[in-house]
Every structure is written in structure tokens, then in C-alpha cells.
Amino acid sequence: MNADTQSRNRFSVPLPVGALLVVVLVFVMLKLIRPVIPQSVILLYMGFVVLGVVIHLTLDDDRIRRFWNFFVRAGDEGPVLRAQRWALLAVLPLVAGWWAYDAVRPRYTPPVEIFQRHPTVGEEVLGRIQVPEWAANPAKWRAEDIAEGKKLYAANCAVCHGEKLDGNGPAAAGFRYPIRPADFRDVGTIAQLTMRYVYWRMTTGGIQNQFNSPMPRWVASADGPQVSTLHSYDFTPEEGWKVIIYLYRATGYEPRKEELRDYKSH
Amino acid sequence: MACARRLVTRYLFVVTAVAAVFEAGVAAAQGAPLAPEYAAPALMDSRLVVWVAAQLHLDFAAFVLAVPMFALVIEFFGWRMAKHDAAAATRYDWLAHEMARLLPAAYSLTAITGALLGFILFSAYPRFMGYLTNTFGPTFVVYPLFFVAETLCLYFWYYAWDRLQGDRKWAHLVLGLFLNIFGTIVMFIADAWATFMMTPTGVDHQGALVSLYDAVWNPGWMPLNIHRLIANITFGALLCAAYAAYRFLSARTENERALYDWMGYTGNLIALFTMLFLPFAGYYFGFELFAFSATYGVTLMGGVLSWLFIIQAIVIAILFIGAAYYAWLGLLRIPGSEPQRRWIPAFNVILILGFMVWATPHTMAASIEESTGQFHPLLGALGLMAPKMIAVTLVLVVLYVSYLLYRRAGKVLTVPWARTGTIVEWGLVGLTAFAITALGVYGYFAPADVRIATSIWQIVVLIAGIVVTFVLDLLLLRGSRTVAEVRWGSMPRRGQYVLVTLAFVIVWLMGLMGYARSGARLNWHVFGIVQDTSASAGLPTLGEAAIMVTLITVVFFALLAIAFAISAMAERGAPPRLAPGTREPAATSEGVRT
């Protein structure tokens with residue numbers, strides 16, 4: 001008994017139909033998940049699924065033959081099989097057509113952006129930032145500086161980053177794209193950044209620069225670099241460092257060291 | 001033989017010419033500290049030109065360095081076998097020689113691309129190259145010496161193959177050993193320059209040399225050496241497999257087809273095996289970079305280059321899936337392997353699901369409509385370390401089980417405890433998989449430091465499981481009866497196309513990660529010390545980088561195709577004859593050498 005008649009006698013789904021069903025089923029399932037999965041990720045997943053299906057269909061020559069034979073009419077085939085064949089032949093071009101249409105139809109959303117968690121900054125820029133002595137060594141941080149930093153944080157940063165530094169301030173929900181305010185307790189933010197980098201983030205910001213970040217910047221104003229104005233975007237450098245040491249103390253993280261080892265003559 | 005000698009002289013000429021260009025460049029650069037800073041010798045963006053030349057050179061160099069390593073090991077095995085199994089010895093010797101067959105052509109391409117690279121570097125970046133040659137003076141003198149020594153060894157090793165047989169085989173092996181030693185030294189020296197540019201030590205802040213020793217043995221040096229040694233072998237083995245596939249597809253006799261089937265199988269096996277060590281070497285290298293400068297951490301892990309690692313994860317998944325598919329198709333070589341093949345569809349599902357988890361990005365490219373601003377509850381969870389570790393380790397279990405099934409196919413166990421043994425064996429494999437999953441789930445909910453410990457334990461459990469079951473398998477198979485032989489050459493043609501695809505993928509991956517390594521310096525020639533102030537100092541966009549990498553890969557394959565064709569033309573007498581049967585193709589010693 002050959003495999004064709006065997007599969008025809010048993011109640012079973014022909015290979016091509018089964019393959020299509022698997023692909024469609026996975027796709028629909030992925031589409032139904034809420035909150036939605038980004039299109040880019042669905043594409044990635046579907047790539048793997050299609051690859052798996054192709055492997056499944058070509059594991060041996062018999063499968064390949066069964067696959068193609070499905071499309072060839074046999075004398076003794078029943079109406080069910082014939083219906084499946086015609087359905088498949090109708091569905092495939094429709095899917096392809098819809099896909100093409102979907103790719104070119106007008107959209108109003110801006111193109112997908114690839115977001116970088118930490119914008120890249122040149123060594124020559126960071127190199128110009130000097131950490132003042134009193135802030136450089138976590139062991140020597142003074143309580144009053146940290147307390148001062150806390151006040152500045154509450155006045156300037158907490159709206160977004162939250163009183164608890166968890167990225168859940170009252171304004172946080174307004175930031176949907178590309179990313180919400182950082183949760184400083186997460187290991188992925190200040191814990192792996194150097195103080196100079198955090199300072200650069202804070203003073204250079206995003207909105208005013210080319211960096212794709214919704215965060216404004218806090219920087220000494222040009223006309224009065226040393227003037228402290230608690231509720232403006234003007235930080236003196238000293239205030240900036242105080243906020244930063246507060247961030248680290250309050251989360252319990254140590255700033256990332258510039259170099260983790262002692263390197264000879266460099 | 002006369003033809004061979006002519007080839008040798010020709011190649012020696014190439015080498016001397018290359019060395020001369022190189023030395024002239026060095027001399028010119030040393031004599032001209034106030035040379036113009038930048039020039040555009042190719043009338044286009046020098047950084048792009050250097051990129052293409054450097055990557056092509058590295059691709060060929062990787063191949064040329066790696067192949068003699070495993071070819072020598074295979075040759076050595078053959079030599080050891082000569083006493084008790086002459087046919088197997090002939091076969092192995094043939095295999096080693098086939099692997100080495102691409103070397104002469106590839107070697108001249110290495111030299112040519114190397115000379116091109118040197119030429120472009122010295123003419124486009126005269127001042128910087130002047131700095132580098134001044135700093136590394138002595139190494140620039142030794143380098144060509146070792147290069148010439150390597151060349152000599154290579155051509156003699158390759159062309160004296162047939163002469164140094166029998167009693168003189170040991171001399172041939174020694175020659176091969178020296179070839180490998182010189183080749184490794186050459187790579188280590190070049191690595192010193194490349195890593196000095198990334199993690200410079202041994203110089204003061206102005207870049208003046210303090211200690212040549214520290215400049216050479218900079219923090220990135222050993223990690224890159226190790227990473228390259230291993231990756232080269234994966235790379236070289238996959239290219240050899242692709243060559244075998246090409247020969248398989250164009251074979252005219254059954255015998256040839258069988259032999260090249262075996263060669264492709266071996267190449268793929270070597271590649272898979274070495275690939276398993278690559279992540280560790282990669283972590284080591286990455287760790288040293290991060291330790292050296294926080295900026296590397298930001299650039300590679302969260303900044304501009306972080307997306308390359310997501311692409312890398314996808315590409316690695318494709319490599320493994322392709323290799324697994326090839327292995328599964330391999331079961332078709334064994335008639336009567338249906339009981340083993342039954343499992344494959346299930347394995348396929350695990351593999352695909354595993355790699356879907358593995359490739360799930362932590363940060364996603366989302367449109368404004370899709371973005372919730374937060375980590376996606378499902379994808380965010382899958383994108384974490386713990387689920388990915390479960391996924392890869394389970395995938396490795398599946399690959400290992402596929403291998404066990406391959407060993408079992410076509411055999412009937414004869415030991416009295418066969419049934420119990422088999423149940424225990426599969427039980428242990430299942431237990432391993434379960435333990436890995438359990439550890440992973442536990443690690444997912446545990447704090448970070450525990451999580452790292454559990455992932456190490458997962459690896460330990462995996463290795464322990466493999467060792468125990470493999471020993472059990474050896475015992476089980478003792479004295480087993482073979483009812484169906486491996487029919488080499490009966491592999492479906494699509495399996496050969498898989499090998500070619502894998503070769504393409506690894507070359508592309510190497511290009512991509514080569515870009516990550518070099519691009520991580522951003523706008524610095526020597527990180528933090530010599531800045532690139534030219535107009536082309538910036539990084540390309542991801543899309544441009546991908547196009548460049550693809551372009552380089554295509555050019556590489558075009559050049560390689562020429563090498564394939566040349567090598568296939570230089571046929572050297574009939575290949576060993578195969579008696580169908582045995583796990584490896586059998587051969588008789590007649591008609592092998594001319």
C-alpha cells in the first residue's frame with residue numbers, strides 16, 4: 001500500500017492544507033495577543049514558523065511527493081479533497097494579494113523607529129566632563145549633598161521618574177513612544193552607567209538635541225551659570241551632581257566605574 | 001610535480017611582492033610623521049574601502065588559518081590508523097587533502113587582499129599608520145618573516161603531500177604542525193594591532209609608547225585571539241562543507257558522491273562542535289571590552305550597535321536550524337531508520353519554538369500604535385535571560401538526542417539489558433531536560449545573582465547529562481548488530497544546498513560581527529587616544545551596514561567560487577574507491593596516488 005492511498009483512507013489533513021493551517025493559526029494567535037505584539041516581532045516569529053513548516057514538509061522524499069500530489073487530480077478522490085485543493089489554490093493568491101496591498105496602503109503612523117536605550121556618545125564628549133572630587137567617591141558622599149539632591153529630584157524629575165524612582169511619576173503615562181521614563185531601580189539604567197554618562201544624559205537631554213529621547217535637559221543657563229533656580233531647567237553643575245548622587249544612593253546602586261581594572265600605563 | 005614547483009615559485013613571488021609593498025609602506029609612513037592626515041586614494045570614502053578590503057582579507061585569512069588545523073588532525077588520525085586499517089587510513093588522508101585543496105587558491109587571495117588592505121591603509125591614513133608603525137615597530141618587522149615562513153610551510157605541506165607518504169609521513173605532519181604554529185603567530189601579531197586600537201595599553205595619554213609588551217598584550221588581545229581561533233575553525237569547516245556540497249552536486253560517479261557526502265558531513269560536524277564554544281569566547285571578549293571602558297558597554301549593549309546583537313541572535317538561530325535539518329536529512333542515508341525518524345517532527349517543533357524565544361528582542365522596533373511605552377508583558381518576559389537560557393539548553397538537548405538517534409539507526413542491540421538500558425537512557429535525557437527547565441523557571445523568579453548561578457547550573461546539568469548518557473550509549477551499542485549500513489552519497493540534494501546556505505550565513509555573520517567589533521571604537525582610530533577626524537568618521541545606519549556586509553559576502557563568494565573551480569580542476573588522480581558499508585565510507589588503497 002503506498003503512502004497516498006494510505007493517507008486517503010485514513011481521515012487526515014493533506015500536507016499542504018495542514019501546513020497552511022499551522023501558519024495561519026500561529027499568525028492569528030500572535031495577532032490576538034493583547035497588548036499587541038509589534039509587527040516586526042510577528043514577522044520574525046512567522047519567519048521561524050515558515051522555516052519549521054518547510055523543514056517539516058521536506059524531511060523525506062515521500063512528504064515532498066505527497067505535498068505535490070495534493071495538487072494533482074487523482075481519479076478516485078472524494079469531493080472533500082477536491083474542495084480543499086480548490087480552497088487552497090484560491091486562498092494563497094488572496095493572501096499574497098492582501099500582503100502586497102497591506103505593504104503599500106497609505107498609513108498615517110510615522111515609520112517604525114529603532115530605539116536606543118542609551119544614546120551613544122563619543123569618548124571625546126564624555127572626556128570633557130569632570131566629576132568633582134566630592135562626588136567622585138561614593139564612600140565620601142555627604143548626607144547634606146544627598147538631601148539637597150533629593151529636593152532637586154522631587155522638584156524636577158519626580159513628575160516623570162516618580163517619587164520612588166520607579167519611572168511611574170504622575171506624568172509618566174503620557175510618554176508612550178518611544179519609551180517611558182526610566183525606572184532607575186532596574187539594572188538596565190543607572191546601575192550600568194558611569195556618572196559622567198548620566199551627567200551627560202541629564203545636561204544634554206533629548207528634545208533639544210538629535211537624540212531620540214523625550215527627556216528635556218537640565219543645564220546651567222548661559223546668563224547665570226551659578227544661579228540656582230529650583231524649579232527651572234537650569235541646574236548649576238553642582239546641583240546636577242547632587243541629583244545624580246541621590247539617584248545612586250536612593251536606589252542602592254554604585255556608579256559604574258570608568259575602568260574595572262587597573263591597566264598599565266594608560 | 002613540475003607544475004607544482006612552478007606554482008610554488010609563483011606564490012613565493014606573490015609573497016615577496018606583498019612583503020615589499022608592506023615594508024615600503026612602513027618605511028614611508030615612518031619617515032613622514034607630518035604626512036597629510038587623510039587622503040582618498042580610491043576616490044571614495046576611505047572607511048568603506050578599508051572595510052571591504054579588511055573584511056575580505058579576514059575572511060580568507062580565517063579560512064587559511066583554520067583549515068590546516070583540522071586537516072592536520074584528520075591527517076594525523078589517518079596516519080595512526082595506517083597500521084591496523086589501511087583503507088581507513090587512505091580515506092582519512094584523502095579527506096585531509098580534500099579539505100586542504102582550497103588552500104593554495106585561498107592563500108593567494110589572502111595575500112592579495114592583505115596587500116590591498118595594507119596599501120589602502122597606508123595611503124588613506126598616512127599619519128595614523130605612521131603612528132601605528134612607530135608604536136609597533138619591531139612587530140612590523142617580524143610579521144612578514146613569519147608570514148613568509150607560513151607561506152613556505154603551506155606550499156610545501158600541500159604540494160609535497162604525495163611525496164611524503166609512508167615512512168616519510170611524519171615529516172609531512174611536522175611540516176603541517178609548523179604551518180599551524182606560524183599561522184597562529186601571524187594572526188596573534190595582527191590581533192595585537194587590531195586590539196590595541198580598541199583597548200590601548202602600554203602608551204601614555206598622548207599615545208607615546210611606554211611598553212611595547214603592554215601594547216601587544218593589551219586587555220583585548222588574548223580574548224580576540226581565542227575567539228578568532230575558535231570562530232575560524234567553525235568558519236573554515238563550513239566552507240569546506242560547502243565545497244564538498246559543490247563537489248557532491250557536480251559528482252559524476254557514485255564513489256565521488258559518497259566521498260563528498262562524507263566530507264560535507266564531517267565539515268558540518270566540526271563546525272557544530274566548535275560553534276558550541278563560541279558564546280563563551282564571545283562573552284570573555286565582551287567582558288574585557290566592558291571592563292576597559294564603560295563606553296563600550298553602552299555602545300554595544302544599549303546604544304547604536306546593540307541591534308547588531310539581536311540580528312546576530314536570529315542569524316545564529318538560522319545556523320543551528322540549518323545544521324539540525326542537515327543532520328535529520330542525514331538519517332535518510334540509513335535504510336530502516338524509520339523508528340528514529342518518527343521523532344524528528346516533534347524535535348522540529350521544539351527547535352523552532354526554542355529559537356523563537358531565543359530571538360525575542362528585549363527592546364523592540366515598534367510603531368507608535370503598537371508601543372505601550374513599557375515592556376510588553378509577554379515579550380518582555382520572554383526577552384529575559386532565564387527563558388532564553390531554557391530555550392537554548394533545550395535546543396542543545398534536542399540536537400544531542402538527534403545525534404544519539406543517528407548512532408542508533410540501522411543497529412540492533414545485542415546486550416542482554418538492552419531494553420532497560422534504553423529506557424534508562426531516554427529517562428535520563430528526559431530528566432536532564434526537566435532539570436534544565438526547572439532550574440530556569442526557578443532562576444526566573446530569583447534575584448539577579450542567583451539567576452546567573454542557575455544558568456551556570458543549567459550548563460553543568462546539560463554537560464553531565466550528555467556525558468552520562470553518552471557513556472551509557474557506548475555500552476549499549478557494544479557488540480550491536482548492524483542491519484543497515486550508512487549509504488553515503490544517498491543524501492538528498494537539498495541537504496547539499498543547506499550546506500551552501502550555512503556557509504553563506506557564517507560568512508555574513510562574521511562580517512556583521514566584524515563590523516560590531518570595529519565599529520565599537522566609533523570615531524577613534526585608537527580608542528581614546530587617536531581620534532578619527534576625517535569626514536567619514538561616523539558610523540553608517542544599520543541598513544547601510546547590512547548592505548555593506550552583504551556586499552562583502554557576495555564578493556567573497558564570487559572570489560571563492562573561482563577558488564572552488566580552480567581547485568576542482570586540479571584533480572589529482574582517482575579518489576579512493578568506496579565499498580558501500582561502514583559508518584564512514586570505506587576505501588581500498590588501490591588507485592589513490594598517482
# chains A, B, ... in the order shown; residues from 1 in each chain; ligands from 1
call {"tool": "residues_around", "arguments": {"residues": "stretch 156-173 of chain A", "least_positions_apart": "3", "cutoff": "12 Å", "atoms": "only C-alpha atoms", "output": "ChimeraX atom specification"}}
result
/A:149-153,176-177,179-187,189-190,202,214-218,229-235,239-240,243-244,246-252 /B:372-374
call {"tool": "residues_around", "arguments": {"residues": "A:Thr194", "least_positions_apart": "6", "cutoff": "10 Å", "atoms": "only C-alpha atoms", "output": "list in words"}}
result
Trp200, Glu254, Pro255, Arg256, Lys257, Glu258 and Glu259 of chain A; Ser293, Ala294, Thr295 and Val298 of chain B
call {"tool": "interface_residues", "arguments": {"of": "chain B", "to": "chain A", "cutoff": "7 Å", "atoms": "only C-alpha atoms", "output": "VMD selection string"}}
result
chain B and resid 201 to 205 291 to 294 298 to 299 302 to 304 325 329 345 348 352 356 365 to 368 370 to 374 528
call {"tool": "closest_residue", "arguments": {"among": "A:Arg63, A:Ala74, A:Ile42, A:Lys242", "to": "A:Val28", "atoms": "only C-alpha atoms"}}
result
A:Ile42
call {"tool": "select_by_dssp", "arguments": {"residues": "stretch 194-412 of chain B", "states": "alpha helix (DSSP H)", "output": "PyMOL selection string"}}
result
chain B and resi 194-198+212-216+221-249+254-275+278-292+294-297+306-330+338-341+344-358+377-382+385-408
call {"tool": "write_last_selection", "arguments": {"atoms": "C-alpha atoms", "output": "short mmCIF file (atom, residue, chain, number, x, y, z; two decimals), in the first residue's frame"}}
result
data_model
loop_
_atom_site.label_atom_id
_atom_site.label_comp_id
_atom_site.auth_asym_id
_atom_site.auth_seq_id
_atom_site.Cartn_x
_atom_site.Cartn_y
_atom_site.Cartn_z
CA ALA B 194 43.68 45.37 15.98
CA THR B 195 43.07 45.08 19.70
CA PHE B 196 45.49 47.87 20.54
CA MET B 197 43.20 50.10 18.53
CA MET B 198 40.32 49.01 20.75
CA LEU B 212 55.70 47.51 23.74
CA TYR B 213 54.92 44.42 25.77
CA ASP B 214 51.82 46.04 27.27
CA ALA B 215 50.81 47.44 23.92
CA VAL B 216 50.88 43.97 22.42
CA TRP B 221 44.43 40.68 22.82
CA MET B 222 44.02 37.21 24.29
CA PRO B 223 40.22 37.25 24.17
CA LEU B 224 40.30 38.13 20.50
CA ASN B 225 42.97 35.52 19.80
CA ILE B 226 40.88 32.83 21.42
CA HIS B 227 37.64 33.97 19.86
CA ARG B 228 39.20 34.09 16.42
CA LEU B 229 40.89 30.71 16.74
CA ILE B 230 37.59 29.02 17.51
CA ALA B 231 35.44 31.02 15.12
CA ASN B 232 37.93 30.44 12.32
CA ILE B 233 37.51 26.71 12.68
CA THR B 234 33.72 26.95 12.53
CA PHE B 235 34.09 29.20 9.53
CA GLY B 236 36.66 27.06 7.73
CA ALA B 237 34.80 23.83 8.38
CA LEU B 238 31.55 25.23 7.00
CA LEU B 239 33.33 26.46 3.89
CA CYS B 240 34.89 23.03 3.41
CA ALA B 241 31.42 21.55 3.80
CA ALA B 242 30.15 23.92 1.14
CA TYR B 243 32.97 22.84 -1.14
CA ALA B 244 32.03 19.22 -0.51
CA ALA B 245 28.43 20.06 -1.35
CA TYR B 246 29.54 21.64 -4.59
CA ARG B 247 31.55 18.54 -5.45
CA PHE B 248 28.68 16.29 -4.42
CA LEU B 249 26.28 18.12 -6.68
CA GLU B 254 28.63 7.15 -7.08
CA ASN B 255 32.00 6.85 -5.44
CA GLU B 256 32.71 10.54 -5.65
CA ARG B 257 29.28 11.39 -4.38
CA ALA B 258 29.75 9.12 -1.40
CA LEU B 259 33.11 10.59 -0.51
CA TYR B 260 31.94 14.19 -0.74
CA ASP B 261 28.84 13.34 1.23
CA TRP B 262 31.11 12.13 3.97
CA MET B 263 33.28 15.22 3.68
CA GLY B 264 30.28 17.53 3.99
CA TYR B 265 29.06 15.59 6.97
CA THR B 266 32.44 15.87 8.67
CA GLY B 267 32.76 19.56 7.95
CA ASN B 268 29.35 20.25 9.38
CA LEU B 269 30.13 18.20 12.48
CA ILE B 270 33.38 20.09 13.13
CA ALA B 271 31.58 23.39 12.68
CA LEU B 272 28.74 22.47 15.02
CA PHE B 273 31.11 21.27 17.68
CA THR B 274 33.30 24.37 17.68
CA MET B 275 30.27 26.63 17.47
CA LEU B 278 31.85 30.45 20.65
CA PRO B 279 29.39 32.09 23.05
CA PHE B 280 31.83 31.67 25.90
CA ALA B 281 34.69 33.12 23.92
CA GLY B 282 32.40 35.95 22.90
CA TYR B 283 31.38 36.71 26.47
CA TYR B 284 35.01 36.75 27.53
CA PHE B 285 35.92 39.21 24.81
CA GLY B 286 32.89 41.38 25.54
CA PHE B 287 33.61 41.33 29.22
CA GLU B 288 37.16 42.58 28.72
CA LEU B 289 35.89 45.37 26.49
CA PHE B 290 33.32 46.46 29.05
CA ALA B 291 35.91 46.32 31.78
CA PHE B 292 38.19 48.51 29.73
CA ALA B 294 32.13 51.88 30.14
CA THR B 295 31.56 53.42 26.73
CA TYR B 296 31.92 50.02 25.07
CA GLY B 297 29.23 48.69 27.35
CA SER B 306 23.03 46.92 20.29
CA TRP B 307 20.73 45.96 17.42
CA LEU B 308 23.50 44.02 15.79
CA PHE B 309 23.28 41.54 18.61
CA ILE B 310 19.59 41.00 18.00
CA ILE B 311 20.36 40.32 14.37
CA GLN B 312 23.16 38.05 15.50
CA ALA B 313 20.76 36.03 17.64
CA ILE B 314 18.49 35.49 14.63
CA VAL B 315 21.36 34.52 12.38
CA ILE B 316 22.75 32.07 14.93
CA ALA B 317 19.30 30.52 15.17
CA ILE B 318 19.30 30.05 11.42
CA LEU B 319 22.72 28.42 11.56
CA PHE B 320 21.59 25.93 14.16
CA ILE B 321 18.29 25.18 12.47
CA GLY B 322 20.10 24.58 9.19
CA ALA B 323 22.62 22.29 10.85
CA ALA B 324 19.84 20.34 12.58
CA TYR B 325 17.91 19.99 9.34
CA TYR B 326 21.03 18.67 7.64
CA ALA B 327 21.53 16.18 10.46
CA TRP B 328 17.92 14.99 10.20
CA LEU B 329 18.19 14.57 6.46
CA GLY B 330 21.28 12.51 7.21
CA GLU B 338 12.11 4.95 10.26
CA PRO B 339 11.81 4.35 14.02
CA GLN B 340 14.34 7.13 14.58
CA ARG B 341 12.80 9.45 12.02
CA ILE B 344 12.00 14.37 14.05
CA PRO B 345 8.75 16.33 13.60
CA ALA B 346 8.49 16.77 17.36
CA PHE B 347 12.13 17.86 17.55
CA ASN B 348 11.46 20.31 14.78
CA VAL B 349 8.69 21.92 16.81
CA ILE B 350 10.87 22.21 19.92
CA LEU B 351 13.71 23.66 17.88
CA ILE B 352 11.55 26.30 16.24
CA LEU B 353 9.80 27.27 19.46
CA GLY B 354 13.13 27.38 21.28
CA PHE B 355 14.64 29.70 18.74
CA MET B 356 11.59 31.91 18.70
CA VAL B 357 12.12 32.51 22.39
CA TRP B 358 15.85 32.86 21.90
CA PRO B 377 4.15 41.73 29.49
CA LEU B 378 4.63 38.61 27.39
CA LEU B 379 7.50 39.54 25.09
CA GLY B 380 9.26 41.42 27.86
CA ALA B 381 9.19 38.23 29.92
CA LEU B 382 10.40 36.06 27.05
CA MET B 385 17.85 35.88 30.20
CA ALA B 386 16.16 32.99 32.04
CA PRO B 387 13.67 31.89 29.36
CA LYS B 388 16.35 32.24 26.72
CA MET B 389 18.68 30.00 28.68
CA ILE B 390 15.94 27.37 28.97
CA ALA B 391 15.29 27.65 25.26
CA VAL B 392 18.89 27.24 24.10
CA THR B 393 19.77 24.48 26.51
CA LEU B 394 16.68 22.52 25.46
CA VAL B 395 17.60 23.07 21.84
CA LEU B 396 21.03 21.66 22.59
CA VAL B 397 19.39 18.63 24.21
CA VAL B 398 17.35 18.09 21.07
CA LEU B 399 20.42 18.34 18.87
CA TYR B 400 22.22 15.86 21.08
CA VAL B 401 19.31 13.43 21.01
CA SER B 402 19.24 13.69 17.22
CA TYR B 403 22.85 12.59 17.27
CA LEU B 404 22.06 9.66 19.58
CA LEU B 405 19.30 8.56 17.21
CA TYR B 406 21.69 8.77 14.30
CA ARG B 407 24.06 6.43 16.11
CA ARG B 408 21.24 4.03 16.81
#
call {"tool": "atom_distance", "arguments": {"atom1": "atom CA of B:Ile529", "atom2": "atom CA of B:Gly137"}}
result
18.2 Å
call {"tool": "closest_residue", "arguments": {"among": "A:Trp86, A:Val131, A:Leu20, A:Glu238", "to": "A:Arg73", "atoms": "only C-alpha atoms"}}
result
A:Trp86
call {"tool": "residues_around", "arguments": {"residues": "A:Trp68", "least_positions_apart": "4", "cutoff": "10 Å", "atoms": "only C-alpha atoms", "output": "PDB file with all heavy atoms, in the first residue's frame"}}
result
ATOM      1  N   LEU A  15      -1.057  17.272   3.521  1.00  0.00           N
ATOM      2  CA  LEU A  15       0.090  18.074   3.965  1.00  0.00           C
ATOM      3  C   LEU A  15      -0.022  19.568   3.662  1.00  0.00           C
ATOM      4  O   LEU A  15       0.147  20.388   4.561  1.00  0.00           O
ATOM      5  CB  LEU A  15       1.365  17.527   3.342  1.00  0.00           C
ATOM      6  CG  LEU A  15       2.119  16.466   4.138  1.00  0.00           C
ATOM      7  CD1 LEU A  15       3.386  16.087   3.403  1.00  0.00           C
ATOM      8  CD2 LEU A  15       2.449  16.974   5.528  1.00  0.00           C
ATOM      9  N   PRO A  16      -0.311  19.951   2.420  1.00  0.00           N
ATOM     10  CA  PRO A  16      -0.326  21.400   2.131  1.00  0.00           C
ATOM     11  C   PRO A  16      -1.365  22.133   2.965  1.00  0.00           C
ATOM     12  O   PRO A  16      -1.106  23.231   3.458  1.00  0.00           O
ATOM     13  CB  PRO A  16      -0.674  21.472   0.649  1.00  0.00           C
ATOM     14  CG  PRO A  16      -0.343  20.133   0.111  1.00  0.00           C
ATOM     15  CD  PRO A  16      -0.579  19.164   1.220  1.00  0.00           C
ATOM     16  N   ARG A  63       7.284  12.852   1.755  1.00  0.00           N
ATOM     17  CA  ARG A  63       6.490  14.037   2.102  1.00  0.00           C
ATOM     18  C   ARG A  63       6.423  14.999   0.920  1.00  0.00           C
ATOM     19  O   ARG A  63       5.370  15.561   0.633  1.00  0.00           O
ATOM     20  CB  ARG A  63       7.118  14.768   3.275  1.00  0.00           C
ATOM     21  CG  ARG A  63       6.940  14.085   4.595  1.00  0.00           C
ATOM     22  CD  ARG A  63       7.924  14.658   5.591  1.00  0.00           C
ATOM     23  NE  ARG A  63       7.946  13.838   6.794  1.00  0.00           N
ATOM     24  CZ  ARG A  63       7.314  14.182   7.913  1.00  0.00           C
ATOM     25  NH1 ARG A  63       6.663  15.302   7.991  1.00  0.00           N
ATOM     26  NH2 ARG A  63       7.361  13.385   8.959  1.00  0.00           N
ATOM     27  N   ILE A  64       7.567  15.191   0.282  1.00  0.00           N
ATOM     28  CA  ILE A  64       7.580  16.117  -0.850  1.00  0.00           C
ATOM     29  C   ILE A  64       6.618  15.625  -1.922  1.00  0.00           C
ATOM     30  O   ILE A  64       5.840  16.395  -2.489  1.00  0.00           O
ATOM     31  CB  ILE A  64       9.005  16.238  -1.434  1.00  0.00           C
ATOM     32  CG1 ILE A  64       9.943  16.763  -0.352  1.00  0.00           C
ATOM     33  CG2 ILE A  64       9.020  17.136  -2.647  1.00  0.00           C
ATOM     34  CD1 ILE A  64      11.357  16.927  -0.808  1.00  0.00           C
ATOM     35  N   VAL A  72      -2.422  17.482  -7.733  1.00  0.00           N
ATOM     36  CA  VAL A  72      -2.711  16.755  -8.966  1.00  0.00           C
ATOM     37  C   VAL A  72      -3.996  15.964  -8.759  1.00  0.00           C
ATOM     38  O   VAL A  72      -4.161  15.295  -7.739  1.00  0.00           O
ATOM     39  CB  VAL A  72      -1.555  15.788  -9.302  1.00  0.00           C
ATOM     40  CG1 VAL A  72      -1.865  15.031 -10.581  1.00  0.00           C
ATOM     41  CG2 VAL A  72      -0.262  16.558  -9.424  1.00  0.00           C
TER      42      VAL A  72
END
call {"tool": "atom_distance", "arguments": {"atom1": "atom CA of A:Ser213", "atom2": "atom CA of B:Gln531"}}
result
27.1 Å
call {"tool": "atom_distance", "arguments": {"atom1": "atom CA of B:Ala115", "atom2": "atom CA of B:Ala149"}}
result
17.0 Å
call {"tool": "closest_residue", "arguments": {"among": "A:Met29, A:Ala103, A:Val17, A:Val23", "to": "A:Arg82", "atoms": "only C-alpha atoms"}}
result
A:Val17
call {"tool": "decode", "arguments": {"residues": "stretch 118-132 of chain B", "atoms": "N, CA, C and O atoms", "output": "compact mmCIF listing (two decimals), in the first residue's frame"}}
result
# COMPACT_ATOMS: atom_id res chain seq x y z
N GLY B 118 46.71 46.69 3.13
CA GLY B 118 47.87 47.44 3.59
C GLY B 118 48.06 48.70 2.74
O GLY B 118 48.26 49.80 3.26
N PHE B 119 47.92 48.53 1.45
CA PHE B 119 48.11 49.65 0.54
C PHE B 119 47.10 50.76 0.83
O PHE B 119 47.47 51.94 0.97
N ILE B 120 45.83 50.37 0.99
CA ILE B 120 44.81 51.39 1.25
C ILE B 120 45.05 52.06 2.58
O ILE B 120 44.96 53.29 2.71
N LEU B 121 45.37 51.25 3.58
CA LEU B 121 45.58 51.83 4.91
C LEU B 121 46.70 52.86 4.89
O LEU B 121 46.57 53.97 5.40
N PHE B 122 47.83 52.46 4.28
CA PHE B 122 48.98 53.36 4.30
C PHE B 122 48.74 54.59 3.45
O PHE B 122 49.25 55.67 3.74
N SER B 123 47.97 54.46 2.38
CA SER B 123 47.79 55.65 1.55
C SER B 123 46.61 56.51 2.01
O SER B 123 46.63 57.72 1.82
N ALA B 124 45.59 55.89 2.64
CA ALA B 124 44.44 56.70 3.06
C ALA B 124 44.64 57.30 4.44
O ALA B 124 44.10 58.35 4.75
N TYR B 125 45.39 56.62 5.28
CA TYR B 125 45.57 57.10 6.65
C TYR B 125 47.06 57.21 6.97
O TYR B 125 47.54 56.57 7.90
N PRO B 126 47.77 58.01 6.19
CA PRO B 126 49.24 58.01 6.35
C PRO B 126 49.68 58.34 7.77
O PRO B 126 50.57 57.69 8.32
N ARG B 127 49.06 59.36 8.37
CA ARG B 127 49.57 59.77 9.67
C ARG B 127 49.27 58.73 10.74
O ARG B 127 50.12 58.39 11.56
N PHE B 128 48.06 58.23 10.70
CA PHE B 128 47.71 57.23 11.69
C PHE B 128 48.55 55.97 11.52
O PHE B 128 49.04 55.40 12.49
N MET B 129 48.74 55.54 10.28
CA MET B 129 49.55 54.35 10.08
C MET B 129 50.99 54.61 10.49
O MET B 129 51.69 53.72 10.95
N GLY B 130 51.43 55.85 10.31
CA GLY B 130 52.76 56.20 10.78
C GLY B 130 52.85 56.02 12.29
O GLY B 130 53.81 55.44 12.81
N TYR B 131 51.82 56.48 12.96
CA TYR B 131 51.79 56.32 14.41
C TYR B 131 51.84 54.83 14.79
O TYR B 131 52.60 54.41 15.66
N LEU B 132 51.03 54.05 14.09
CA LEU B 132 50.94 52.63 14.43
C LEU B 132 52.27 51.92 14.17
O LEU B 132 52.73 51.11 14.99
